[in-house]
Structures are given as C-alpha cells and as structure tokens.
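> Contents are TSV, C-alpha atoms; file name my_file_6.tsv:
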```tsv
chain	number	residue	atom	x	y	z
A	336	MET	CA	0.00	0.00	0.00
A	337	HIS	CA	2.91	2.36	0.68
A	338	ILE	CA	4.03	2.06	-2.96
A	339	PHE	CA	0.55	2.82	-4.32
A	340	ASP	CA	0.22	5.76	-1.91
A	341	ASN	CA	3.53	7.22	-3.11
A	342	VAL	CA	2.62	6.82	-6.78
A	343	MET	CA	-0.77	8.44	-6.30
A	344	ASN	CA	0.27	11.34	-4.07
A	345	HIS	CA	3.72	12.11	-5.44
A	346	LYS	CA	3.35	11.31	-9.13
A	347	PHE	CA	-0.23	11.26	-10.36
A	348	LEU	CA	-1.78	14.01	-8.25
A	349	THR	CA	1.20	16.35	-8.58
A	350	SER	CA	0.89	16.12	-12.38
A	351	ASP	CA	-2.48	17.98	-12.22
A	352	ARG	CA	-3.76	15.42	-14.75
A	353	VAL	CA	-5.40	13.06	-12.24
A	354	SER	CA	-8.22	13.51	-9.74
A	355	TYR	CA	-8.58	10.82	-7.08
A	356	TYR	CA	-11.81	9.94	-5.27
A	357	PRO	CA	-11.19	7.12	-2.77
A	358	MET	CA	-13.96	5.49	-0.70
A	359	CYS	CA	-16.57	5.95	-3.43
A	360	GLU	CA	-19.13	3.73	-5.11
A	361	TYR	CA	-19.69	3.93	-8.87
A	362	LEU	CA	-23.38	4.16	-9.76
A	363	GLY	CA	-23.12	4.06	-13.55
A	364	ASN	CA	-23.69	6.83	-16.10
A	365	ASN	CA	-20.49	8.60	-14.94
A	366	LYS	CA	-21.89	9.13	-11.43
A	367	PHE	CA	-20.48	8.03	-8.07
A	368	THR	CA	-20.99	8.79	-4.38
A	369	SER	CA	-18.74	8.88	-1.33
A	370	THR	CA	-19.31	5.98	1.08
A	371	THR	CA	-18.18	8.16	3.99
A	372	SER	CA	-19.96	11.49	3.34
A	373	GLY	CA	-22.68	10.59	0.86
A	374	GLN	CA	-21.56	13.40	-1.44
A	375	ALA	CA	-22.51	12.82	-5.08
A	376	PHE	CA	-20.16	13.36	-8.01
A	377	GLU	CA	-20.50	13.31	-11.78
A	378	VAL	CA	-17.71	13.41	-14.34
A	379	THR	CA	-17.53	14.17	-18.02
A	380	VAL	CA	-15.87	11.44	-20.07
A	381	ASN	CA	-13.89	13.02	-22.88
A	382	LYS	CA	-12.94	9.80	-24.66
A	383	ARG	CA	-13.46	6.46	-22.84
A	384	THR	CA	-14.36	4.96	-19.50
A	385	VAL	CA	-11.84	2.38	-18.23
A	386	ASP	CA	-13.66	-0.44	-16.44
A	387	ALA	CA	-11.18	-2.05	-14.03
A	388	THR	CA	-13.90	-3.94	-12.12
A	389	TYR	CA	-14.69	-6.75	-14.55
A	390	LEU	CA	-12.17	-9.24	-13.12
A	391	ASN	CA	-13.64	-8.53	-9.65
A	392	THR	CA	-10.95	-9.85	-7.30
A	393	SER	CA	-12.08	-11.48	-4.04
A	394	VAL	CA	-9.82	-11.35	-0.96
A	395	PRO	CA	-10.07	-13.25	2.35
A	396	SER	CA	-10.61	-10.19	4.56
A	397	THR	CA	-13.85	-9.20	2.78
A	398	HIS	CA	-14.90	-12.56	1.36
A	399	THR	CA	-18.21	-14.17	2.35
A	400	PRO	CA	-17.82	-17.98	2.37
A	401	ASN	CA	-20.28	-20.01	0.30
A	402	PHE	CA	-20.96	-22.36	3.23
A	403	SER	CA	-22.74	-21.85	6.55
A	404	ILE	CA	-20.90	-21.39	9.86
A	405	ASP	CA	-22.29	-21.62	13.39
A	406	ASN	CA	-21.86	-18.53	15.58
A	407	ASP	CA	-19.65	-20.27	18.16
A	408	VAL	CA	-17.03	-21.33	15.58
A	409	ASN	CA	-13.62	-19.62	15.79
A	410	PHE	CA	-13.45	-18.73	12.09
A	411	VAL	CA	-10.98	-16.08	10.82
A	412	PRO	CA	-9.54	-14.84	7.53
A	413	LEU	CA	-5.89	-15.44	6.69
A	414	ASN	CA	-5.10	-11.83	7.65
A	415	ASN	CA	-5.82	-12.56	11.32
A	416	LEU	CA	-3.09	-15.17	11.78
A	417	PRO	CA	-0.42	-12.69	13.00
A	418	ILE	CA	-2.64	-11.61	15.90
A	419	ILE	CA	-3.03	-15.10	17.41
A	420	GLN	CA	-2.47	-14.80	21.17
A	421	ALA	CA	-2.58	-18.45	22.27
A	422	PRO	CA	-2.03	-21.91	20.76
A	423	HIS	CA	-4.93	-23.94	19.40
A	424	SER	CA	-5.61	-27.66	19.52
A	425	LEU	CA	-6.06	-27.80	15.74
A	426	TYR	CA	-5.63	-25.37	12.86
A	427	VAL	CA	-8.01	-26.03	9.96
A	428	VAL	CA	-7.05	-24.37	6.69
A	429	VAL	CA	-10.11	-24.15	4.42
A	430	GLY	CA	-9.02	-23.93	0.77
A	431	GLY	CA	-6.53	-25.67	-1.50
A	432	GLY	CA	-5.37	-22.70	-3.58
A	433	LYS	CA	-2.43	-20.31	-3.21
A	434	THR	CA	-3.97	-18.62	-0.15
A	435	GLY	CA	-4.33	-22.01	1.54
A	436	ILE	CA	-0.69	-22.76	0.68
A	437	ASP	CA	0.38	-19.44	2.21
A	438	ALA	CA	-1.58	-20.17	5.39
A	439	CYS	CA	-0.01	-23.62	5.78
A	440	ILE	CA	3.50	-22.26	5.17
A	441	TRP	CA	2.93	-19.46	7.71
A	442	LEU	CA	1.77	-21.93	10.37
A	443	LEU	CA	4.74	-24.23	9.78
A	444	GLU	CA	7.21	-21.35	9.82
A	445	ASN	CA	5.74	-20.28	13.16
A	446	GLN	CA	6.44	-23.61	14.84
A	447	VAL	CA	3.01	-25.20	14.52
A	448	ASP	CA	3.32	-28.98	14.56
A	449	PRO	CA	2.26	-30.28	11.10
A	450	ASP	CA	0.14	-32.92	12.86
A	451	LYS	CA	-1.94	-30.07	14.32
A	452	ILE	CA	-2.83	-28.76	10.85
A	453	MET	CA	-5.84	-30.01	8.91
A	454	TRP	CA	-5.79	-28.84	5.30
A	455	ILE	CA	-9.11	-28.96	3.43
A	456	THR	CA	-8.31	-29.32	-0.27
A	457	PRO	CA	-11.37	-29.85	-2.49
A	458	ARG	CA	-9.07	-29.98	-5.54
A	459	ASP	CA	-5.34	-30.55	-5.83
A	460	ALA	CA	-3.48	-28.15	-8.08
A	461	TRP	CA	-0.74	-28.12	-10.64
A	462	LEU	CA	1.86	-25.57	-9.49
A	463	ILE	CA	4.79	-23.74	-11.08
A	464	ASP	CA	8.33	-23.89	-9.69
A	465	ARG	CA	9.12	-20.28	-8.81
A	466	LYS	CA	12.74	-20.49	-9.98
A	467	ASN	CA	11.45	-20.98	-13.54
A	468	THR	CA	9.59	-17.66	-13.60
A	469	GLN	CA	12.42	-15.19	-12.92
A	470	PRO	CA	13.11	-12.87	-15.90
A	471	THR	CA	16.67	-11.97	-14.91
A	472	GLU	CA	20.15	-12.84	-16.11
A	473	GLU	CA	20.87	-14.91	-13.00
A	474	PHE	CA	17.94	-17.24	-13.70
A	475	PHE	CA	18.28	-17.42	-17.49
A	476	PHE	CA	18.90	-21.15	-17.69
A	477	ASP	CA	16.18	-22.05	-15.16
A	478	THR	CA	13.60	-19.88	-16.91
A	479	MET	CA	14.41	-20.48	-20.56
A	480	GLU	CA	15.20	-24.17	-20.23
A	481	ALA	CA	11.78	-24.56	-18.59
A	482	GLN	CA	10.25	-22.76	-21.59
A	483	ALA	CA	12.15	-25.03	-23.98
A	484	ALA	CA	11.07	-28.14	-22.04
A	485	GLN	CA	7.47	-26.93	-22.09
A	486	MET	CA	7.54	-26.53	-25.86
A	487	GLU	CA	9.10	-29.98	-26.26
A	488	ALA	CA	6.35	-31.50	-24.10
A	489	MET	CA	3.69	-29.79	-26.20
A	490	ALA	CA	5.31	-31.00	-29.41
A	491	ASN	CA	5.64	-34.64	-28.37
A	492	ALA	CA	2.64	-35.38	-26.12
A	493	SER	CA	0.42	-38.19	-27.36
A	494	ASP	CA	-2.59	-37.06	-25.31
A	495	ILE	CA	-3.47	-34.65	-22.51
A	496	ASP	CA	-2.46	-37.00	-19.68
A	497	ASN	CA	0.86	-37.59	-21.43
A	498	LEU	CA	1.33	-33.83	-21.78
A	499	PHE	CA	1.04	-33.30	-18.02
A	500	GLU	CA	3.32	-36.27	-17.40
A	501	ARG	CA	5.96	-34.73	-19.65
A	502	LEU	CA	5.54	-31.28	-18.07
A	503	GLU	CA	5.98	-32.77	-14.60
A	504	ASN	CA	8.99	-34.89	-15.56
A	505	ALA	CA	10.64	-31.78	-17.02
A	506	GLY	CA	9.98	-29.75	-13.86
A	507	VAL	CA	7.67	-27.31	-15.65
A	508	LEU	CA	4.72	-28.24	-13.42
A	509	ILE	CA	4.83	-29.74	-9.93
A	510	ARG	CA	2.26	-31.11	-7.49
A	511	ILE	CA	2.28	-31.58	-3.74
A	512	ASP	CA	1.12	-35.21	-3.71
A	513	LYS	CA	2.29	-37.33	-6.64
A	514	ASN	CA	-0.41	-39.89	-5.87
A	515	ILE	CA	-3.23	-37.43	-6.54
A	516	LYS	CA	-4.16	-36.26	-10.04
A	517	PRO	CA	-4.63	-32.46	-9.91
A	518	GLU	CA	-7.94	-31.05	-11.11
A	519	MET	CA	-7.01	-27.38	-10.68
A	520	TYR	CA	-4.58	-24.96	-12.31
A	521	HIS	CA	-4.48	-21.32	-11.18
A	522	GLY	CA	-0.88	-20.60	-12.16
A	523	ALA	CA	0.30	-20.49	-8.54
A	524	THR	CA	4.05	-20.50	-7.98
A	525	ILE	CA	5.92	-22.31	-5.22
A	526	SER	CA	9.54	-22.87	-4.26
A	527	GLU	CA	11.15	-26.28	-3.69
A	528	LEU	CA	11.59	-25.43	0.00
A	529	GLU	CA	7.91	-24.53	0.34
A	530	LEU	CA	6.96	-27.75	-1.42
A	531	ALA	CA	9.00	-29.77	1.07
A	532	GLN	CA	7.30	-27.96	3.95
A	533	LEU	CA	3.80	-28.61	2.63
A	534	ARG	CA	4.52	-32.32	2.27
A	535	ARG	CA	4.99	-32.47	6.06
A	536	ILE	CA	1.23	-31.98	6.44
A	537	LYS	CA	-0.39	-35.42	6.34
A	538	ASN	CA	-3.94	-34.54	7.42
A	539	VAL	CA	-5.19	-33.39	4.02
A	540	ILE	CA	-8.95	-33.70	3.58
A	541	ARG	CA	-10.29	-34.37	0.07
A	542	LYS	CA	-14.05	-34.74	0.51
A	543	GLY	CA	-15.19	-31.98	-1.82
A	544	ARG	CA	-16.22	-28.50	-0.79
A	545	VAL	CA	-17.28	-27.54	2.73
A	546	THR	CA	-21.05	-27.17	3.21
A	547	HIS	CA	-21.26	-26.36	6.94
A	548	ILE	CA	-18.94	-25.82	9.90
A	549	SER	CA	-20.01	-26.28	13.52
A	550	LYS	CA	-17.84	-26.16	16.63
A	551	ASN	CA	-16.86	-29.84	16.51
A	552	ASN	CA	-17.83	-30.93	13.00
A	553	ILE	CA	-17.17	-30.10	9.36
A	554	ALA	CA	-19.71	-31.22	6.75
A	555	PHE	CA	-18.50	-31.74	3.18
A	556	GLU	CA	-20.07	-32.65	-0.13
A	557	LYS	CA	-18.69	-36.17	0.38
A	558	GLY	CA	-18.68	-36.80	4.11
A	559	GLU	CA	-17.73	-35.11	7.39
A	560	ASN	CA	-14.89	-34.73	9.93
A	561	THR	CA	-14.93	-34.06	13.64
A	562	THR	CA	-12.75	-31.39	15.25
A	563	PRO	CA	-11.70	-30.86	18.89
A	564	ASP	CA	-12.56	-27.93	21.11
A	565	ASN	CA	-10.27	-24.92	20.65
A	566	THR	CA	-10.01	-25.39	16.88
A	567	LEU	CA	-9.13	-22.37	14.75
A	568	PHE	CA	-10.63	-22.33	11.25
A	569	ILE	CA	-8.74	-20.22	8.71
A	570	ASP	CA	-10.72	-19.07	5.67
A	571	CYS	CA	-8.74	-19.38	2.43
A	572	SER	CA	-11.74	-20.16	0.22
A	573	ALA	CA	-11.91	-16.85	-1.67
A	574	SER	CA	-11.25	-16.99	-5.42
A	575	ALA	CA	-8.73	-14.38	-6.55
A	576	ILE	CA	-10.41	-14.01	-9.94
A	577	ARG	CA	-13.80	-15.44	-10.78
A	578	GLU	CA	-14.52	-17.18	-14.05
A	579	PHE	CA	-15.77	-14.67	-16.60
A	580	LYS	CA	-16.79	-14.42	-20.23
A	581	PRO	CA	-14.10	-12.51	-22.16
A	582	LEU	CA	-15.25	-9.20	-23.61
A	583	PRO	CA	-13.61	-7.06	-26.31
A	584	VAL	CA	-11.07	-4.89	-24.50
A	585	PHE	CA	-11.94	-1.91	-26.72
A	586	ASN	CA	-15.67	-1.47	-27.27
A	587	GLY	CA	-17.01	1.96	-28.15
A	588	HIS	CA	-16.57	4.35	-25.24
A	589	VAL	CA	-15.46	1.59	-22.80
A	590	ILE	CA	-12.10	-0.10	-22.22
A	591	THR	CA	-12.61	-3.29	-20.18
A	592	LEU	CA	-9.36	-4.31	-18.53
A	593	GLN	CA	-8.63	-8.03	-18.79
A	594	MET	CA	-5.53	-10.19	-19.00
A	595	ILE	CA	-3.82	-10.35	-22.38
A	596	ARG	CA	-0.78	-12.23	-21.06
A	597	ILE	CA	-1.15	-15.34	-18.97
A	598	ILE	CA	-1.86	-14.45	-15.31
A	599	GLN	CA	-0.26	-10.99	-15.59
A	600	PRO	CA	-2.96	-8.36	-14.91
A	601	VAL	CA	-0.55	-5.47	-14.22
A	602	PHE	CA	1.50	-5.99	-17.40
A	603	SER	CA	-1.75	-6.46	-19.32
A	604	ALA	CA	-3.14	-3.12	-18.11
A	605	ALA	CA	0.09	-1.33	-19.05
A	606	LEU	CA	0.11	-2.79	-22.55
A	607	ILE	CA	-3.59	-2.00	-23.05
A	608	ALA	CA	-2.87	1.64	-22.10
A	609	HIS	CA	0.03	1.77	-24.58
A	610	ILE	CA	-2.10	0.31	-27.38
A	611	GLU	CA	-4.90	2.79	-26.66
A	612	ALA	CA	-2.45	5.68	-26.94
A	613	GLU	CA	-0.48	4.51	-29.99
A	614	TYR	CA	-2.88	2.68	-32.32
A	615	GLN	CA	-5.64	4.09	-34.48
A	616	ASN	CA	-8.81	1.99	-34.49
A	617	ASP	CA	-10.57	-0.55	-32.31
A	618	ASP	CA	-10.22	-3.41	-34.79
A	619	GLN	CA	-6.45	-3.02	-34.71
A	620	LYS	CA	-6.43	-2.56	-30.94
A	621	ASN	CA	-8.57	-5.63	-30.26
A	622	ALA	CA	-6.41	-7.73	-32.56
A	623	LEU	CA	-3.45	-6.90	-30.30
A	624	THR	CA	-5.35	-7.44	-27.04
A	625	GLN	CA	-7.11	-10.79	-27.38
A	626	VAL	CA	-8.07	-11.95	-23.89
A	627	VAL	CA	-6.18	-14.72	-22.08
A	628	PRO	CA	-8.74	-16.00	-19.53
A	629	ALA	CA	-7.80	-16.83	-15.96
A	630	PRO	CA	-7.30	-20.62	-15.70
A	631	ASN	CA	-9.33	-22.70	-13.26
A	632	LYS	CA	-9.42	-26.40	-14.19
A	633	SER	CA	-6.25	-28.34	-14.96
A	634	ASN	CA	-7.09	-28.62	-18.67
A	635	ASP	CA	-7.26	-24.82	-18.82
A	636	TRP	CA	-3.46	-24.98	-18.90
A	637	LEU	CA	-3.74	-25.88	-22.58
A	638	THR	CA	-6.17	-23.16	-23.65
A	639	VAL	CA	-4.61	-20.27	-21.73
A	640	ASN	CA	-1.11	-21.14	-22.94
A	641	ALA	CA	-2.42	-21.37	-26.50
A	642	ALA	CA	-4.06	-17.94	-26.17
A	643	ASN	CA	-0.91	-16.53	-24.62
A	644	MET	CA	1.30	-17.83	-27.46
A	645	ARG	CA	-1.16	-16.51	-30.02
A	646	ASN	CA	-0.75	-13.01	-28.58
A	647	GLN	CA	3.04	-13.35	-28.34
A	648	TYR	CA	3.13	-14.28	-32.03
A	649	ILE	CA	0.97	-11.30	-33.03
A	650	TRP	CA	3.10	-8.90	-30.97
A	651	SER	CA	6.30	-10.28	-32.51
A	652	GLN	CA	5.13	-9.08	-35.94
A	653	ASP	CA	4.98	-5.43	-34.79
A	654	LYS	CA	8.43	-3.81	-34.57
A	655	SER	CA	7.28	-0.73	-32.65
A	656	LEU	CA	5.47	-2.91	-30.12
A	657	GLN	CA	8.55	-5.11	-29.75
A	658	LYS	CA	10.55	-1.99	-28.91
A	659	TRP	CA	8.03	-0.99	-26.24
A	660	LEU	CA	8.16	-4.48	-24.73
A	661	TYR	CA	11.95	-4.40	-24.65
A	662	PHE	CA	12.05	-1.22	-22.56
A	663	ASN	CA	9.05	-2.01	-20.34
A	664	ARG	CA	10.15	-2.97	-16.82
A	665	LEU	CA	7.13	-5.29	-16.45
A	666	ASP	CA	8.37	-7.45	-19.32
A	667	GLY	CA	11.84	-8.64	-18.36
A	668	PHE	CA	11.64	-11.68	-20.63
A	669	SER	CA	11.92	-9.70	-23.89
A	670	LYS	CA	15.04	-7.88	-22.78
A	671	MET	CA	16.59	-11.04	-21.34
A	672	VAL	CA	16.26	-12.83	-24.70
A	673	VAL	CA	17.17	-9.95	-27.01
A	674	ASP	CA	20.33	-9.10	-25.08
A	675	ILE	CA	21.91	-12.55	-25.47
A	676	SER	CA	25.21	-12.32	-27.28
A	677	LYS	CA	25.53	-14.35	-30.48
A	678	GLU	CA	28.82	-15.62	-29.06
A	679	ASP	CA	27.10	-17.08	-26.01
A	680	ILE	CA	26.82	-20.60	-27.37
A	681	ALA	CA	25.15	-22.12	-24.28
A	682	LYS	CA	22.32	-19.58	-24.16
A	683	GLN	CA	21.82	-19.60	-27.91
A	684	ALA	CA	21.48	-23.39	-27.76
A	685	VAL	CA	18.62	-23.07	-25.26
A	686	LEU	CA	16.83	-20.55	-27.49
A	687	ASN	CA	17.32	-22.76	-30.55
A	688	ARG	CA	15.89	-25.69	-28.62
A	689	LEU	CA	12.84	-23.59	-27.78
A	690	ARG	CA	12.34	-22.10	-31.25
A	691	SER	CA	12.83	-25.36	-33.12
A	692	ASN	CA	9.86	-26.92	-31.32
A	693	ILE	CA	7.41	-24.03	-31.74
A	694	PRO	CA	5.75	-25.22	-34.99
A	695	ALA	CA	5.25	-28.80	-33.76
A	696	GLY	CA	4.32	-27.57	-30.29
A	697	MET	CA	1.60	-25.24	-31.53
A	698	GLY	CA	0.33	-27.79	-34.02
A	699	ASN	CA	0.08	-30.56	-31.44
A	700	LEU	CA	-1.41	-28.25	-28.81
A	701	THR	CA	-4.13	-27.37	-31.33
A	702	ARG	CA	-4.83	-31.08	-31.77
A	703	LEU	CA	-4.97	-31.70	-28.01
A	704	ILE	CA	-7.30	-28.75	-27.46
A	705	SER	CA	-9.64	-30.09	-30.15
A	706	THR	CA	-10.26	-33.10	-27.87
A	707	LEU	CA	-11.67	-30.81	-25.16
A	708	LYS	CA	-15.33	-29.86	-24.99
A	709	SER	CA	-14.74	-26.14	-25.68
A	710	PRO	CA	-11.66	-25.76	-27.89
A	711	VAL	CA	-10.30	-22.28	-28.64
A	712	LYS	CA	-9.22	-21.03	-32.04
A	713	LEU	CA	-5.46	-20.75	-32.46
A	714	ILE	CA	-3.11	-19.33	-35.04
A	715	ASP	CA	-2.29	-22.05	-37.51
A	716	LYS	CA	0.92	-24.02	-37.68
A	717	GLU	CA	2.19	-22.21	-40.77
A	718	LYS	CA	1.86	-18.78	-39.16
A	719	ALA	CA	3.57	-20.04	-36.00
A	720	ASN	CA	6.48	-21.11	-38.16
A	721	ALA	CA	6.83	-17.72	-39.86
```
Spell out the structure here as structure tokens.


Amino acid sequence: MHIFDNVMNHKFLTSDRVSYYPMCEYLGNNKFTSTTSGQAFEVTVNKRTVDATYLNTSVPSTHTPNFSIDNDVNFVPLNNLPIIQAPHSLYVVVGGGKTGIDACIWLLENQVDPDKIMWITPRDAWLIDRKNTQPTEEFFFDTMEAQAAQMEAMANASDIDNLFERLENAGVLIRIDKNIKPEMYHGATISELELAQLRRIKNVIRKGRVTHISKNNIAFEKGENTTPDNTLFIDCSASAIREFKPLPVFNGHVITLQMIRIIQPVFSAALIAHIEAEYQNDDQKNALTQVVPAPNKSNDWLTVNAANMRNQYIWSQDKSLQKWLYFNRLDGFSKMVVDISKEDIAKQAVLNRLRSNIPAGMGNLTRLISTLKSPVKLIDKEKANA
C-alpha cells in the first residue's frame, strides 16, 4: 500500500492530470458517491471509460464464504493469523489454492506442529516452480530451459495425460502429492523449500467442498470430519479471480481491462494503455489485445497457454510494439532474450531448442485442445512457423 500511496500522491496528483476519489461507489452513467460522506459526483468522459472492475478480485478479509458457519465457531480470515495470542488444539485451513498454501506455510514457519494442521483441499493443483519464472540474467537457464522443455512437451505429447506427465517430468509443473491427479490450475508458484514444507502436512482432507462448519464438526459434499474444542478455522476459500466471459477490450466508449498475457494483470493493463495511446482503431487494438482468460481447471493450462502464445506471435510481428516491450520494466523476458550475445553458445542453444519446437508444439497443442469440450481457435501451424 505504501508504494501505491507514493505513486498516487507524489506522481499522479502532482501532475495535475489526475483527480482521485477514494472510498466511493460507482453508480453508472459517470456518477459516483462517497461511502463516507454521501456526497454525489459526476464526471464528463472526454474519450473512454476504463472499467477495471470486470475481473472482480475477491480477498479473504472481505470474502463471504459459500458455506454456513455456526456462531460459536472460531473462524478467521488469513489476515488474522499474525494476531493469534494463544495456541490452538487444531488449525483447519479451508481452501486448497495459493492462499491455503500461504496459510499452511505461515503456520509451519511459526512452529506449529504439522500434525496439528488439517488442510481442506477440495481440488489438488498443478503448481509452477518459482525459480522458472524469474526474468533476470541470474535465472536465465532455469527460466528459458523450462520454456524449452514446455515446448518440447507440447510438441511430443500423445494425449493430454501424457502432456502433463511430460511437463511434470521436465519440472515445468509440480504437485504436492504425486499420488493425486490435480484437477485445478491457477498458475500459482511455489519454491522447492515450500513444497518440502507442505509435504509435512499429512492430514489433508479431500471430501469436496465444505457445506457447513459447527464447533466440533465439518460437513463436506462427500462426508464429514470431527474437530476438537479450541479449533481455529482459517478461511482461504476466496477466489482471486472469478470465471468470466471474455469481452472485447476496446468497445465503443469503454475499455474493459482483462488479462492479455497469462496471469499478468498489471502488465496487461500497461500494454492495453500503450495500445490505446499509440494505435488508431478498435479493430487493430482488439487484434493486439485478445483476452487470455484466468485458468481454473487443470485442462485450462492448454487453452490459456495457447491464447498466450497466439498473442506473443501477433506482438512479434509489430516492430514498434517489440521496442516498447523491450524497454518495459514489467516485461523482463523480452530484454533477457534480445540481449543474449551471439557468441554465447550455451544460451543460444537453449533458445534454438525452444524455437525449433514451436511449430510442432503449436500444431500438437491445437490437436490436443480439439479433444476438449470447448476448444479455442489458435493461429495455424504455418503462421507459428513464420
């Protein structure tokens, strides 16, 4: 929050080009009211309204669970963990996503016995090794070799199960329990040390979603579990981004912010702003900003990566856009690749390994996606090879 406060108060507001109205509710038709004073405001839109609400993030501190809870249950959001004043008999983490992972790691790092943690995981997830996502010189081989291995897996997979097997064997994707087939993919990252910590927790409950929590009992879609007195329930069931139907980013007088690179909302917003400022018509702008939906189910890995590569290909055909990407601090990958010396044989070999598999990778990914119920349209193999 300190960073956002500095940017707003010392950059935007001092420019005399921005007016800021915090603690307000938008009513539509360019009108909004203050939630603290009730004062009404109306603005004149000179060009477009930017709708940054469509992705509608949900966070634990304000989230309302979709299950019932008795009044005498000690039920808290993740944010309340640092104010714990006394030990509990059992800590129940409700939610198998990244927030649930963070809660479990926090408890373990603060000396909670793993046998005193119950982790409710309706769905296991495919995760990303964090070392493979670092766009810096120091992590070049981790990051780019993972990209090359991913493309090889896409090129050679015989079916979807074989694709995930290849991705796991190459270290591109990881899972906490190798005996459980993941049904979820949210793009969450995790380190090898965190993975080892999470595997210390043996009391993992996979009985579907919670339906009701009472003081000494948890009801699930597929059964129930008892809990002792003095149990602390930690709510990690909020979804960061809900499933949504993609809309055109540029549509008349409205710009609807969505992700146009896989799980990168901040970069996406920056690129959308650049395209709005530099390009001429909405057809051209929408061609450059095709939406990459937020993944949910494990098979969404295929469709969101296909959409992401489609956009990367389109951007690579625009020299001015490539220049912008190179100098943008939110896109370290472009600079990391472009700056490789031709004499650096080891790094060039990794890039050649990646590039040589792109045509087959895209072609085979298209085939695999066609076996899903709702395949997405991709650029064709010939264009990918251009």

> When distances are computed from only C-alpha atoms, which of A:Asn409, A:Thr368, A:Ser655, A:Thr456 shows the smallest separation from A:Lys537?

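Once distances to A:Lys537 are computed over only C-alpha atoms, the minimum belongs to A:Thr456.
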
> What's the separation between atom CA of A:Leu592 and atom CA of A:Trp461, in Å to one decimal place?

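Separation of atom CA of A:Leu592 and atom CA of A:Trp461: 26.5 Å.
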
> Which value, in Å to one decimal, gives the distance between atom CA of A:Ser669 and atom CA of A:Lys346?

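Computing the Euclidean distance for atom CA of A:Ser669 and atom CA of A:Lys346 yields 27.1 Å.
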
> Using all atoms listed in the file, can you tell me which of A:Ala684, A:Glu529, A:Thr562, A:His398 comes closest to A:Ile548?

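Using all atoms listed in the file, the shortest distance to A:Ile548 belongs to A:Thr562.
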
> Show me, as a list in words, the residues that have an atom within 9 Å of A:Val545 when counting all atoms listed in the file, minus same-chain residues fewer than 6 positions from it.

Asn401, Phe402, Ser403, Val429, Ile455, Pro457, Ile553, Ala554, Phe555, Glu556 and Glu559 of chain A

> Using only C-alpha atoms, find the one residue out of A:Thr566, A:Thr524, A:Thr561, A:Thr379 that sits nearest to A:Ile509.

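Result for the nearest residue to A:Ile509: A:Thr524.
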
> Mind checking which residues fall within 9 Å of A:Asp450, counting only C-alpha atoms, ignoring those fewer than 4 positions away in the same chain, and posting them as a PyMOL selection string?

chain A and resi 425+535-538

> If we count all atoms listed in the file, what is near A:Asn365 at a cut-off of 9 Å, once residues fewer than 6 positions away on the same chain are taken out, given as a count of residues only?

6

> Could you tell me which of A:Cys359, A:His521, A:Asn616, A:Tyr426 comes closest to A:Ser574 if we count all atoms listed in the file?

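Answer, going by the shortest atom-to-atom distance: A:His521.
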
> So which one's closest to A:Phe668, A:Gly522, A:Pro581, A:Pro470, A:Pro517? Using only C-alpha atoms, please.

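Smallest distance to A:Phe668 is found for A:Pro470.
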
> Compare A:Phe339, A:Leu623, A:Ile418, A:Ile590 by their minimum atom-to-atom distance to A:Gln652, counting only C-alpha atoms, and give me the closest one.

A:Leu623

> What is the atom CA of A:Ser633-atom CA of A:Gly432 distance in Å, reported with one decimal?

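Taking atom CA of A:Ser633 as the start and atom CA of A:Gly432 as the end point, the length is 12.7 Å.
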
> Name all residues at most 12 Å from A:Asp674 (count only C-alpha atoms; drop same-chain ones fewer than 5 positions away) and give them as JSON, numbers by chain.

{"A": [471, 472, 475, 661, 662, 667, 668, 669, 679, 682, 683]}

> Do a neighbour search on A:Asp570 at 12 Å with all atoms listed in the file, toss out local chain neighbours closer than 3 positions, and write the hits as a compact mmCIF listing (two decimals) with C-alpha atoms, in the frame of the given file.


```txt
# COMPACT_ATOMS: atom_id res chain seq x y z
CA VAL A 394 -9.82 -11.35 -0.96
CA PRO A 395 -10.07 -13.25 2.35
CA SER A 396 -10.61 -10.19 4.56
CA THR A 397 -13.85 -9.20 2.78
CA HIS A 398 -14.90 -12.56 1.36
CA THR A 399 -18.21 -14.17 2.35
CA PRO A 400 -17.82 -17.98 2.37
CA ASN A 401 -20.28 -20.01 0.30
CA PHE A 402 -20.96 -22.36 3.23
CA ILE A 404 -20.90 -21.39 9.86
CA VAL A 408 -17.03 -21.33 15.58
CA ASN A 409 -13.62 -19.62 15.79
CA PHE A 410 -13.45 -18.73 12.09
CA VAL A 411 -10.98 -16.08 10.82
CA PRO A 412 -9.54 -14.84 7.53
CA LEU A 413 -5.89 -15.44 6.69
CA ASN A 414 -5.10 -11.83 7.65
CA ASN A 415 -5.82 -12.56 11.32
CA LEU A 416 -3.09 -15.17 11.78
CA TYR A 426 -5.63 -25.37 12.86
CA VAL A 427 -8.01 -26.03 9.96
CA VAL A 428 -7.05 -24.37 6.69
CA VAL A 429 -10.11 -24.15 4.42
CA GLY A 430 -9.02 -23.93 0.77
CA GLY A 431 -6.53 -25.67 -1.50
CA GLY A 432 -5.37 -22.70 -3.58
CA THR A 434 -3.97 -18.62 -0.15
CA GLY A 435 -4.33 -22.01 1.54
CA ILE A 436 -0.69 -22.76 0.68
CA ASP A 437 0.38 -19.44 2.21
CA ALA A 438 -1.58 -20.17 5.39
CA CYS A 439 -0.01 -23.62 5.78
CA TRP A 454 -5.79 -28.84 5.30
CA ILE A 455 -9.11 -28.96 3.43
CA VAL A 545 -17.28 -27.54 2.73
CA ILE A 548 -18.94 -25.82 9.90
CA LEU A 567 -9.13 -22.37 14.75
CA ALA A 573 -11.91 -16.85 -1.67
CA SER A 574 -11.25 -16.99 -5.42
```

> Which polymer residues, whether protein, DNA or RNA, lie within 6 Å of the coordinate (-8.6, -12.8, -21.6) when you count all atoms listed in the file? List them as a list in words, using the chain letters and numbers from the file.

Pro581, Gln593, Met594, Ile595, Val626, Val627 and Pro628 of chain A
